[in-house]
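Visitor: Got a structure for you, written out below as structure tokens; questions coming shortly.
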Amino acid sequence: MNEINILGIVGSLRKDSYNHFALKAAQELVPEGAVLNLIELHGIPVFNQDDEMAPPAIVLEFKRQILAADAILFGTPEYNYSLSGVLKNAIDWASRPFGESAWLDKPGAIMGASTGSLGTARAQYHLRQILVAQNMPMVNQPEVMISNAAQRFDQKGRLTDEPTRQHIQKLLAALVQLARISPPMKSQTG
Ligand code: FNR
């Protein structure tokens, strides 16, 4: 069976981002037959529709990596009850121009870590809504919402909370299964 290539998108630019740490933990937890590579969003400019027909090189490279992946794993922080502007901005870039979205039909999954008690639940539901516009088939369960993140990672950023590690492992297994049954079809909508 072909190896499933997952692209993990780090939704926070913060140096010691819990979401980045969580995605790094996920790299240790991918099932056999799959690989998880991470991409950070540093340097992606603010989206301007005037530039969508000739996007900057960094955006073209971002789109290339999405298109080359078999599946996407979003690691989203929660900012003011929603996803980060950085992540939304990157999603917007890669969805354009009309008819050339890199996200279309791409299997995806979401996880998120926050220092709050709801573990990015509100951000994740906003993100799910956005991805409906891209017709991405998404893993519904399990939902990996890492609350009180400061207590679940050690000083070196290692995810030490075993139940959370098991949860991530299940999410990855579900994502790989989804990718195997619904490879990107490249139909086209807005
Ligand atoms: C936050 N944080 C936060 N946490 C939460 O659970 N719900 C929220 O609505 C918010 N809102 C919010 C807004 C802004 C502007 C910031 C900077 C932070 C706290 C957030 O969970 C915490 O900073 C995380 O550490 C952010 O994720 P990373 O950067 O660690 O991945």
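Each chain of the structure tokens is named A, B, ... in the order shown, its residues numbered from 1; ligands are numbered from 1 in display order.
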Quick one: everything within 9 Å of A:Val30, counting only C-alpha atoms, minus sequence neighbours fewer than 6 positions away in the same chain. Send it as an mmCIF file with N, CA and C atoms, in the first residue's frame.
Guide:
data_model
loop_
_atom_site.group_PDB
_atom_site.id
_atom_site.type_symbol
_atom_site.label_atom_id
_atom_site.label_comp_id
_atom_site.auth_asym_id
_atom_site.auth_seq_id
_atom_site.Cartn_x
_atom_site.Cartn_y
_atom_site.Cartn_z
ATOM 1 N N LEU A 36 4.238 12.225 8.649
ATOM 2 C CA LEU A 36 3.685 13.557 8.933
ATOM 3 C C LEU A 36 4.797 14.585 8.856
ATOM 4 N N ILE A 168 -4.502 11.560 20.142
ATOM 5 C CA ILE A 168 -3.874 11.994 18.883
ATOM 6 C C ILE A 168 -3.612 10.779 17.985
ATOM 7 N N GLN A 169 -3.171 9.718 18.604
ATOM 8 C CA GLN A 169 -2.903 8.488 17.841
ATOM 9 C C GLN A 169 -4.184 8.010 17.135
ATOM 10 N N LEU A 172 -5.004 10.307 14.182
ATOM 11 C CA LEU A 172 -4.142 10.033 13.026
ATOM 12 C C LEU A 172 -4.563 8.753 12.316
ATOM 13 N N ALA A 173 -4.932 7.753 13.079
ATOM 14 C CA ALA A 173 -5.391 6.498 12.467
ATOM 15 C C ALA A 173 -6.647 6.764 11.637
ATOM 16 N N VAL A 176 -5.677 8.671 8.402
ATOM 17 C CA VAL A 176 -5.042 7.797 7.400
ATOM 18 C C VAL A 176 -6.101 6.912 6.746
#
Visitor: Set the distance at 9 Å and use only C-alpha atoms: which residues neighbour A:Leu118 once local chain neighbours fewer than 6 positions away are removed? I'd like the list as a list in words.
Guide: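 Here the answer would be Met145, Ile146, Ser147 and Asn148 of chain A.
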Visitor: Of the residues A:Met111, A:Ala123, A:Leu41, A:Ala133, which is the one nearest to A:Leu175, using only C-alpha atoms?
Guide: A:Met111
Visitor: For the structure I just gave you, how does DSSP split stretch 7-156 of chain A - specifically, which residues are helix (DSSP H, G or I)? Reply as number ranges by chain.
Guide: A: 18-27, 49-51, 57-68, 85-94, 121-132, 149-151
Visitor: Between A:Asn135, A:Trp103, A:Ile4, A:Ala149, which one has atoms that come closest to A:Glu32, using only C-alpha atoms?
Guide: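 Once distances to A:Glu32 are computed over only C-alpha atoms, the minimum belongs to A:Ile4.
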